[in-house]
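Q: I'm passing along structure.pdb; it holds PDB, C-alpha atoms and all ligand atoms.
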ATOM      1  CA  MET A  10       8.097 -27.499  -1.871
ATOM      2  CA  ALA A  11       6.369 -24.436  -3.375
ATOM      3  CA  GLU A  12       6.374 -23.845  -7.141
ATOM      4  CA  VAL A  13       8.387 -20.658  -6.623
ATOM      5  CA  VAL A  14      11.675 -20.435  -4.737
ATOM      6  CA  VAL A  15      13.177 -17.091  -3.720
ATOM      7  CA  TYR A  16      16.734 -17.349  -2.452
ATOM      8  CA  ASP A  17      16.680 -14.720   0.218
ATOM      9  CA  HIS A  18      18.064 -13.235   3.395
ATOM     10  CA  PRO A  19      15.326 -11.664   5.552
ATOM     11  CA  LEU A  20      17.474  -8.549   6.094
ATOM     12  CA  SER A  21      17.860  -7.895   2.368
ATOM     13  CA  PRO A  22      15.587  -5.011   1.330
ATOM     14  CA  TYR A  23      15.860  -6.269  -2.253
ATOM     15  CA  GLY A  24      14.599  -9.676  -1.135
ATOM     16  CA  GLN A  25      11.758  -7.967   0.729
ATOM     17  CA  LYS A  26      10.633  -6.160  -2.457
ATOM     18  CA  VAL A  27      10.228  -9.517  -4.177
ATOM     19  CA  LYS A  28       8.501 -11.229  -1.250
ATOM     20  CA  ILE A  29       6.054  -8.332  -0.802
ATOM     21  CA  ALA A  30       5.095  -8.586  -4.500
ATOM     22  CA  LEU A  31       4.526 -12.357  -4.234
ATOM     23  CA  LEU A  32       2.524 -11.983  -1.007
ATOM     24  CA  GLU A  33       0.360  -9.257  -2.554
ATOM     25  CA  LYS A  34      -0.375 -11.522  -5.515
ATOM     26  CA  GLY A  35      -1.038 -14.573  -3.342
ATOM     27  CA  VAL A  36       1.771 -16.606  -4.934
ATOM     28  CA  ASP A  37       3.051 -19.354  -2.656
ATOM     29  CA  PHE A  38       6.844 -19.451  -2.318
ATOM     30  CA  ASP A  39       9.702 -20.899  -0.289
ATOM     31  CA  ALA A  40      12.486 -18.520   0.745
ATOM     32  CA  PRO A  41      15.607 -20.536   1.591
ATOM     33  CA  LEU A  42      18.720 -18.841   2.938
ATOM     34  CA  PRO A  43      21.610 -19.746   0.619
ATOM     35  CA  THR A  44      24.467 -21.440   2.412
ATOM     36  CA  ASN A  45      27.536 -19.223   2.790
ATOM     37  CA  ILE A  46      25.725 -16.055   1.689
ATOM     38  CA  GLY A  47      28.086 -13.110   2.234
ATOM     39  CA  SER A  48      31.165 -15.339   2.275
ATOM     40  CA  GLY A  49      32.063 -14.706  -1.361
ATOM     41  CA  SER A  50      31.981 -18.423  -2.130
ATOM     42  CA  THR A  51      28.492 -19.722  -2.610
ATOM     43  CA  ASP A  52      27.713 -23.007  -4.335
ATOM     44  CA  GLY A  53      24.986 -25.362  -5.578
ATOM     45  CA  GLU A  54      21.830 -24.157  -7.299
ATOM     46  CA  PHE A  55      22.134 -20.702  -5.738
ATOM     47  CA  ALA A  56      25.541 -20.068  -7.352
ATOM     48  CA  ARG A  57      24.117 -21.209 -10.696
ATOM     49  CA  VAL A  58      21.038 -18.990 -10.602
ATOM     50  CA  SER A  59      22.694 -15.993  -8.949
ATOM     51  CA  PRO A  60      26.149 -15.593 -10.507
ATOM     52  CA  ARG A  61      26.780 -12.428  -8.475
ATOM     53  CA  GLY A  62      26.190 -14.421  -5.301
ATOM     54  CA  GLU A  63      23.408 -11.988  -4.359
ATOM     55  CA  VAL A  64      19.938 -12.444  -2.954
ATOM     56  CA  PRO A  65      17.223 -12.296  -4.125
ATOM     57  CA  ALA A  66      17.157 -14.846  -6.948
ATOM     58  CA  LEU A  67      13.894 -16.417  -8.069
ATOM     59  CA  VAL A  68      13.431 -19.909  -9.506
ATOM     60  CA  HIS A  69      10.115 -20.812 -11.152
ATOM     61  CA  GLY A  70      10.203 -24.128 -13.014
ATOM     62  CA  GLU A  71      12.901 -23.822 -15.678
ATOM     63  CA  THR A  72      13.178 -20.051 -15.228
ATOM     64  CA  ALA A  73      15.800 -18.468 -12.991
ATOM     65  CA  VAL A  74      15.965 -14.696 -12.511
ATOM     66  CA  PHE A  75      18.356 -12.512 -10.507
ATOM     67  CA  GLU A  76      18.235  -8.713  -9.887
ATOM     68  CA  SER A  77      15.183  -7.586  -7.909
ATOM     69  CA  SER A  78      13.825  -5.149 -10.507
ATOM     70  CA  VAL A  79      14.010  -7.834 -13.209
ATOM     71  CA  ILE A  80      12.401 -10.327 -10.824
ATOM     72  CA  LEU A  81       9.578  -7.839 -10.162
ATOM     73  CA  ASP A  82       8.990  -7.516 -13.922
ATOM     74  CA  TYR A  83       8.881 -11.314 -14.186
ATOM     75  CA  ILE A  84       6.378 -11.511 -11.320
ATOM     76  CA  GLU A  85       4.150  -8.806 -12.831
ATOM     77  CA  ASP A  86       4.239 -10.519 -16.249
ATOM     78  CA  THR A  87       3.594 -14.005 -14.866
ATOM     79  CA  TRP A  88       0.956 -13.176 -12.247
ATOM     80  CA  PRO A  89      -0.629  -9.955 -13.546
ATOM     81  CA  GLU A  90      -3.384  -9.820 -10.902
ATOM     82  CA  PRO A  91      -3.631  -7.780  -8.819
ATOM     83  CA  ALA A  92      -1.550  -5.330 -10.879
ATOM     84  CA  LEU A  93       1.157  -3.676  -8.813
ATOM     85  CA  LEU A  94       2.467  -1.289 -11.469
ATOM     86  CA  PRO A  95       0.382   1.789 -12.250
ATOM     87  CA  ALA A  96      -1.553   1.702 -15.539
ATOM     88  CA  SER A  97      -0.011   4.507 -17.609
ATOM     89  CA  PRO A  98       3.493   4.470 -19.133
ATOM     90  CA  ALA A  99       4.315   7.800 -17.453
ATOM     91  CA  GLU A 100       3.295   6.538 -14.011
ATOM     92  CA  ARG A 101       5.166   3.274 -14.525
ATOM     93  CA  ALA A 102       8.280   5.250 -15.437
ATOM     94  CA  ARG A 103       7.780   7.415 -12.347
ATOM     95  CA  VAL A 104       7.725   4.488  -9.895
ATOM     96  CA  ARG A 105      10.559   2.696 -11.690
ATOM     97  CA  MET A 106      12.750   5.808 -11.403
ATOM     98  CA  LEU A 107      11.886   5.930  -7.712
ATOM     99  CA  GLU A 108      12.889   2.287  -7.372
ATOM    100  CA  ASN A 109      16.170   2.908  -9.162
ATOM    101  CA  VAL A 110      17.091   5.839  -6.915
ATOM    102  CA  ILE A 111      16.253   3.911  -3.750
ATOM    103  CA  ASP A 112      18.063   0.746  -4.906
ATOM    104  CA  THR A 113      21.237   2.668  -5.658
ATOM    105  CA  HIS A 114      21.747   5.964  -3.804
ATOM    106  CA  PHE A 115      19.576   5.359  -0.729
ATOM    107  CA  GLU A 116      20.480   1.721  -0.056
ATOM    108  CA  ALA A 117      24.179   2.484  -0.311
ATOM    109  CA  ILE A 118      23.832   4.589   2.847
ATOM    110  CA  THR A 119      22.074   2.019   5.042
ATOM    111  CA  TRP A 120      24.470  -0.639   3.743
ATOM    112  CA  GLY A 121      27.386   1.643   4.703
ATOM    113  CA  LEU A 122      25.967   2.197   8.194
ATOM    114  CA  SER A 123      25.729  -1.577   8.565
ATOM    115  CA  GLU A 124      29.342  -2.054   7.491
ATOM    116  CA  ILE A 125      30.370   0.276  10.311
ATOM    117  CA  VAL A 126      27.864  -0.578  13.046
ATOM    118  CA  ASN A 127      27.490  -4.338  12.455
ATOM    119  CA  PHE A 128      30.750  -5.278  10.772
ATOM    120  CA  GLY A 129      33.013  -2.864  12.662
ATOM    121  CA  ARG A 130      34.794  -1.611   9.531
ATOM    122  CA  ALA A 131      35.689   1.737  11.147
ATOM    123  CA  GLU A 132      36.260   2.861  14.716
ATOM    124  CA  GLY A 133      36.655   6.034  16.784
ATOM    125  CA  ASP A 134      36.535   9.408  15.007
ATOM    126  CA  LEU A 135      36.334   7.877  11.548
ATOM    127  CA  ALA A 136      33.303   5.764  12.510
ATOM    128  CA  ALA A 137      31.656   8.753  14.203
ATOM    129  CA  SER A 138      32.170  11.024  11.217
ATOM    130  CA  MET A 139      30.961   8.420   8.692
ATOM    131  CA  LEU A 140      27.869   7.663  10.792
ATOM    132  CA  ALA A 141      27.095  11.385  11.100
ATOM    133  CA  ARG A 142      27.492  11.949   7.369
ATOM    134  CA  GLY A 143      25.308   8.941   6.627
ATOM    135  CA  GLY A 144      22.602  10.425   8.861
ATOM    136  CA  GLU A 145      22.794  13.753   7.024
ATOM    137  CA  GLN A 146      22.544  11.995   3.667
ATOM    138  CA  LEU A 147      19.479  10.029   4.796
ATOM    139  CA  ALA A 148      17.801  13.233   6.032
ATOM    140  CA  ALA A 149      18.369  14.791   2.595
ATOM    141  CA  TRP A 150      16.845  11.753   0.864
ATOM    142  CA  PHE A 151      13.857  11.863   3.234
ATOM    143  CA  ALA A 152      13.280  15.462   2.106
ATOM    144  CA  TRP A 153      13.492  14.376  -1.544
ATOM    145  CA  LEU A 154      11.082  11.488  -0.931
ATOM    146  CA  GLU A 155       8.635  13.921   0.673
ATOM    147  CA  THR A 156       8.544  15.848  -2.626
ATOM    148  CA  ARG A 157       8.077  12.590  -4.600
ATOM    149  CA  LEU A 158       5.143  11.565  -2.429
ATOM    150  CA  GLY A 159       3.484  14.982  -2.745
ATOM    151  CA  ASP A 160      -0.165  14.708  -1.779
ATOM    152  CA  ARG A 161      -0.571  11.103  -2.935
ATOM    153  CA  PRO A 162      -1.623   8.593  -0.251
ATOM    154  CA  TRP A 163       0.782   6.040  -1.741
ATOM    155  CA  PHE A 164       3.971   6.335  -3.776
ATOM    156  CA  ASN A 165       2.188   4.241  -6.396
ATOM    157  CA  GLY A 166      -0.737   6.689  -6.615
ATOM    158  CA  ALA A 167      -4.252   6.153  -5.256
ATOM    159  CA  ALA A 168      -3.543   2.603  -4.042
ATOM    160  CA  PHE A 169      -0.590   0.629  -2.643
ATOM    161  CA  GLY A 170       1.669  -0.857  -5.328
ATOM    162  CA  TYR A 171       5.089  -1.101  -6.905
ATOM    163  CA  GLY A 172       6.167   2.387  -5.856
ATOM    164  CA  ASP A 173       5.493   1.506  -2.227
ATOM    165  CA  LEU A 174       7.121  -1.924  -2.069
ATOM    166  CA  ALA A 175      10.175  -0.348  -3.711
ATOM    167  CA  VAL A 176      10.582   2.141  -0.853
ATOM    168  CA  ALA A 177       9.224   0.549   2.345
ATOM    169  CA  PRO A 178      11.952  -2.066   3.076
ATOM    170  CA  PHE A 179      14.686   0.534   2.603
ATOM    171  CA  LEU A 180      13.056   3.138   4.851
ATOM    172  CA  ASN A 181      12.521   0.464   7.487
ATOM    173  CA  GLY A 182      16.235  -0.313   7.181
ATOM    174  CA  ALA A 183      17.081   3.339   7.864
ATOM    175  CA  VAL A 184      14.739   3.349  10.883
ATOM    176  CA  GLY A 185      16.652   0.307  12.163
ATOM    177  CA  PHE A 186      19.724   2.562  12.339
ATOM    178  CA  GLY A 187      17.777   5.273  14.189
ATOM    179  CA  HIS A 188      17.015   7.485  11.174
ATOM    180  CA  ARG A 189      13.315   8.072  10.584
ATOM    181  CA  PRO A 190      11.374  10.644   8.569
ATOM    182  CA  PRO A 191      10.584  13.674  10.743
ATOM    183  CA  ASP A 192       7.270  13.562  12.638
ATOM    184  CA  GLY A 193       4.461  15.436  10.949
ATOM    185  CA  THR A 194       5.731  14.806   7.422
ATOM    186  CA  ALA A 195       3.664  13.006   4.800
ATOM    187  CA  LEU A 196       6.531  10.523   4.529
ATOM    188  CA  ALA A 197       6.294   9.635   8.247
ATOM    189  CA  ASP A 198       2.534   9.131   7.893
ATOM    190  CA  TRP A 199       3.041   6.994   4.780
ATOM    191  CA  LEU A 200       5.585   4.851   6.656
ATOM    192  CA  VAL A 201       2.995   4.071   9.336
ATOM    193  CA  ARG A 202       0.407   3.306   6.638
ATOM    194  CA  VAL A 203       2.678   1.060   4.595
ATOM    195  CA  ASN A 204       3.846  -0.889   7.654
ATOM    196  CA  ALA A 205       0.220  -1.697   8.450
ATOM    197  CA  ARG A 206       0.019  -3.619   5.182
ATOM    198  CA  ASP A 207       0.194  -7.399   5.902
ATOM    199  CA  SER A 208       2.824  -8.129   3.228
ATOM    200  CA  VAL A 209       5.144  -5.355   4.420
ATOM    201  CA  ALA A 210       4.585  -6.123   8.103
ATOM    202  CA  ARG A 211       5.428  -9.794   7.587
ATOM    203  CA  CYS A 212       8.745  -8.983   5.893
ATOM    204  CA  ALA A 213       9.588  -6.364   8.531
ATOM    205  CA  ARG A 214       8.846  -8.901  11.307
ATOM    206  CA  ASP A 215      11.060 -11.542   9.672
ATOM    207  CA  ALA A 216      13.866  -8.990   9.303
ATOM    208  CA  ALA A 217      13.549  -7.876  12.937
ATOM    209  CA  ALA A 218      13.642 -11.495  14.129
ATOM    210  CA  VAL A 219      16.927 -12.105  12.296
ATOM    211  CA  ALA A 220      18.418  -8.767  13.393
ATOM    212  CA  GLY A 221      17.497  -9.566  17.003
ATOM    213  CA  SER A 222      19.099 -13.001  16.868
ATOM    214  CA  GLY A 223      22.281 -11.778  15.151
ATOM    215  CA  MET A 224      25.868 -12.459  16.176
ATOM    216  CA  SER A 225      27.488 -10.118  18.686
ATOM    217  CA  LEU A 226      29.863  -7.517  17.252
ATOM    218  CA  GLU A 227      32.777  -9.475  18.727
ATOM    219  CA  ALA A 228      31.629 -12.651  16.993
ATOM    220  CA  VAL A 229      31.230 -10.802  13.673
ATOM    221  CA  ARG A 230      34.763  -9.356  13.970
ATOM    222  CA  GLU A 231      36.147 -12.777  14.807
ATOM    223  CA  ALA A 232      34.364 -14.244  11.770
ATOM    224  CA  MET A 233      35.796 -11.415   9.614
ATOM    225  CA  ASN A 234      39.300 -12.161  10.915
ATOM    226  CA  GLN A 235      38.817 -15.817  10.058
ATOM    227  CA  GLY A 236      37.864 -14.823   6.492
ATOM    228  CA  LEU A 237      34.277 -16.077   6.865
ATOM    229  CA  PHE A 238      32.857 -12.839   5.422
ATOM    230  CA  LYS A 239      33.883 -11.391   2.085
ATOM    231  CA  ARG A 240      31.286  -8.747   1.395
ATOM    232  CA  GLU A 241      30.511  -7.296  -1.953
ATOM    233  CA  TYR A 242      31.706  -3.674  -2.332
ATOM    234  CA  ARG A 243      29.764  -2.965  -5.487
ATOM    235  CA  ASP A 244      28.943   0.151  -7.479
ATOM    236  CA  HIS A 245      27.026   2.657  -5.311
ATOM    237  CA  ARG A 246      28.165   1.026  -2.116
ATOM    238  CA  LEU A 247      31.801   1.523  -3.077
ATOM    239  CA  GLU A 248      31.006   5.122  -4.067
ATOM    240  CA  TRP A 249      29.394   5.654  -0.654
ATOM    241  CA  MET A 250      32.452   4.349   1.186
ATOM    242  CA  ILE A 251      34.751   6.632  -0.763
ATOM    243  CA  LYS A 252      32.669   9.820  -0.726
ATOM    244  CA  THR A 253      31.848   9.406   2.963
ATOM    245  CA  GLY A 254      35.499   9.249   3.996
ATOM    246  CA  GLY A 255      35.993   5.474   4.066
ATOM    247  CA  LEU A 256      38.728   5.028   1.452
ATOM    248  CA  SER A 257      40.876   3.510   4.224
ATOM    249  CA  VAL A 258      38.058   1.015   4.924
ATOM    250  CA  VAL A 259      38.228  -0.105   1.300
ATOM    251  CA  SER A 260      42.060  -0.338   1.392
ATOM    252  CA  ALA A 261      41.971  -2.352   4.623
ATOM    253  CA  GLY A 262      39.325  -4.664   3.158
ATOM    254  CA  LEU A 263      41.463  -5.250   0.057
ATOM    255  CA  GLU A 264      44.546  -5.920   2.174
ATOM    256  CA  ARG A 265      42.727  -8.333   4.444
ATOM    257  CA  GLY A 266      40.798  -9.918   1.596
ATOM    258  CA  ASN A 267      37.427  -9.468   3.259
ATOM    259  CA  ILE A 268      35.751  -7.463   0.508
ATOM    260  CA  ARG A 269      34.985  -8.593  -3.016
ATOM    261  CA  PHE A 270      34.024  -7.286  -6.451
ATOM    262  CA  ILE A 271      32.155  -9.008  -9.271
ATOM    263  CA  GLU A 272      34.183 -11.286 -11.532
ATOM    264  CA  PRO A 273      33.149 -12.506 -15.007
ATOM    265  CA  PHE A 274      30.460 -15.156 -14.699
ATOM    266  CA  PRO A 275      31.431 -18.793 -15.302
ATOM    267  CA  ALA A 276      30.821 -19.678 -18.982
TER
HETATM  268  N1  LIG A 301      20.914  -5.050  -7.495
HETATM  269  C1  LIG A 301      20.639  -6.248  -6.729
HETATM  270  C2  LIG A 301      21.227  -6.080  -5.342
HETATM  271  C3  LIG A 301      21.096  -7.313  -4.489
HETATM  272  C4  LIG A 301      22.054  -7.264  -3.294
HETATM  273  O1  LIG A 301      22.895  -6.382  -3.158
HETATM  274  N2  LIG A 301      21.919  -8.235  -2.378
HETATM  275  C5  LIG A 301      22.804  -8.306  -1.232
HETATM  276  C6  LIG A 301      21.991  -8.402   0.047
HETATM  277  S1  LIG A 301      21.122  -6.899   0.378
HETATM  278  C7  LIG A 301      23.636  -9.582  -1.301
HETATM  279  O2  LIG A 301      23.121 -10.632  -1.604
HETATM  280  N3  LIG A 301      24.948  -9.474  -1.021
HETATM  281  C8  LIG A 301      25.802 -10.613  -1.039
HETATM  282  C9  LIG A 301      27.207 -10.288  -0.624
HETATM  283  O3  LIG A 301      27.483  -9.169  -0.141
HETATM  284  O4  LIG A 301      28.038 -11.180  -0.776
HETATM  285  C10 LIG A 301      19.140  -6.506  -6.682
HETATM  286  O5  LIG A 301      18.365  -5.536  -6.808
HETATM  287  O6  LIG A 301      18.703  -7.671  -6.563
END
Would you put the structure from the file into structure tokens?

A:
Amino acid sequence: MAEVVVYDHPLSPYGQKVKIALLEKGVDFDAPLPTNIGSGSTDGEFARVSPRGEVPALVHGETAVFESSVILDYIEDTWPEPALLPASPAERARVRMLENVIDTHFEAITWGLSEIVNFGRAEGDLAASMLARGGEQLAAWFAWLETRLGDRPWFNGAAFGYGDLAVAPFLNGAVGFGHRPPDGTALADWLVRVNARDSVARCARDAAAVAGSGMSLEAVREAMNQGLFKREYRDHRLEWMIKTGGLSVVSAGLERGNIRFIEPFPA
């Protein structure tokens, strides 16, 4: 058993951020899949260390940390070499803002596409219109990211770092739904460059292996009907559903009891 445990699901871009940081720093870790993840009723050590029932959660000796950005701070503080954050306060703030935008506004879109494509939450015209709007939103974020990258080789600056691991898993997620940065853009070139990095490539391979071995859509729908999934409709994800025309998806989920929100943590 490694000294560090990261509760994880290979498809989680947040989990990938954490694993990329550990791989870059050469920290050995185990990455178990929590039992019942996504069911709304997790248990054991995972439930204790991750009261939201979310991956990633990191356990290192007596220390347990949830929330990927907080975990990344813990990793940087505990294993400072090689440094992943840029050196100056202004540059650190720049990549942390980038991370925040990607974690919230960008991820909500790929999560929403997954709810429709993989979990069958909408059908027919509604599904088509939500998928189209999601594609338009991603294209707009690609254009914004192009301006953030500017003429830097890496989002972090002169070398790969925090700014890059905070973007790569999420862009790869969008590519998985058929939305990629336009050819000839700096962002498209960066995506090729970042995916050549061993740490990023390993996480992308693990994610692709799980995606390729996933349940059929019929099996997922059957599992939903049996109440085996109760997915978290949190903050920006809920906003995405509503602003993209999926209020009826939220209502249906509430009626059927297959979506969940965060409750107060056990005392
Ligand atoms: N803000 C959290 C988000 C983590 C998160 O949303 N994880 C998802 C997987 S991508 C999860 O575990 N969801 C559990 C569920 O839907 O029940 C972080 O940065 O760690």

Q: Compute the set of protein, DNA and RNA residues whose minimum atom distance to ligand LIG 301 (chain A) is at most 10 Å, using only C-alpha atoms and all ligand atoms, and state it as a ChimeraX atom specification.

A: /A:16-27,43,45-51,59,61-66,74-81,108-109,112-113,116-117,120,238-244,246,268-271

Q: Name all residues at most 7 Å from segment 140-150 of chain A (count all atoms listed in the file; drop same-chain ones fewer than 2 positions away) and give them as a list in words.

A: Ile118, Leu122, Ala136, Ala137, Ser138, Ala152, Trp153, Leu154, His188 and Thr253 of chain A

Q: Would you pick out the contacts of segment 223-231 of chain A at 7 Å or less, using only C-alpha atoms, so that residues sharing its chain but fewer than 3 positions from it are not included, and give the list as a PyMOL selection string?

A: chain A and resi 127-129+219-220+234-235

Q: One decimal, Å: what's the distance from atom CA of Arg189 of chain A over to atom CA of Val203 of chain A, could you say?

A: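 The value is 14.1 Å.
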
Q: Check the smallest atom-to-atom distance from each of A:Ala276, A:Ala168, A:Leu158, A:Leu263 to Ala96 of chain A using all atoms listed in the file, then report the winner.

A: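 Smallest distance to Ala96 of chain A is found for A:Ala168.
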
Q: Could you check how far atom CA of Gly121 of chain A sits from atom CA of Ala232 of chain A, in Å to one decimal?

A: 18.7 Å

Q: Give as JSON, numbers by chain the set of residues within 12 Å of the point (8.0, 1.9, -8.4), where distances use the file's coordinates and all atoms listed in the file.

A: {"A": [26, 30, 77, 78, 81, 82, 93, 94, 95, 96, 98, 99, 100, 101, 102, 103, 104, 105, 106, 107, 108, 109, 110, 111, 112, 157, 158, 163, 164, 165, 166, 169, 170, 171, 172, 173, 174, 175, 176, 177]}

Q: With distances taken over only C-alpha atoms, which of A:Arg202, A:Arg211, A:Arg130, A:His245 is nearest to Gly262 of chain A?

A: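 Among A:Arg202, A:Arg211, A:Arg130, A:His245, it is A:Arg130 that comes nearest to Gly262 of chain A.
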
Q: Quick one: pull the distance between atom CA of Ile125 of chain A and atom CA of Leu42 of chain A, Å, one decimal.

A: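 It comes out at 23.6 Å.
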
Q: Taking all atoms listed in the file into account, which of A:Val184, A:Val68, A:Val15, A:Ala218 comes nearest Val201 of chain A?

A: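 Among the listed residues, the smallest separation from Val201 of chain A belongs to A:Val184.
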
Q: Using all atoms listed in the file, which of A:Asp37, A:Glu264, A:Leu256, A:Glu272 sits nearest Leu135 of chain A?

A: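 Of all the options, A:Leu256 lies closest to Leu135 of chain A.
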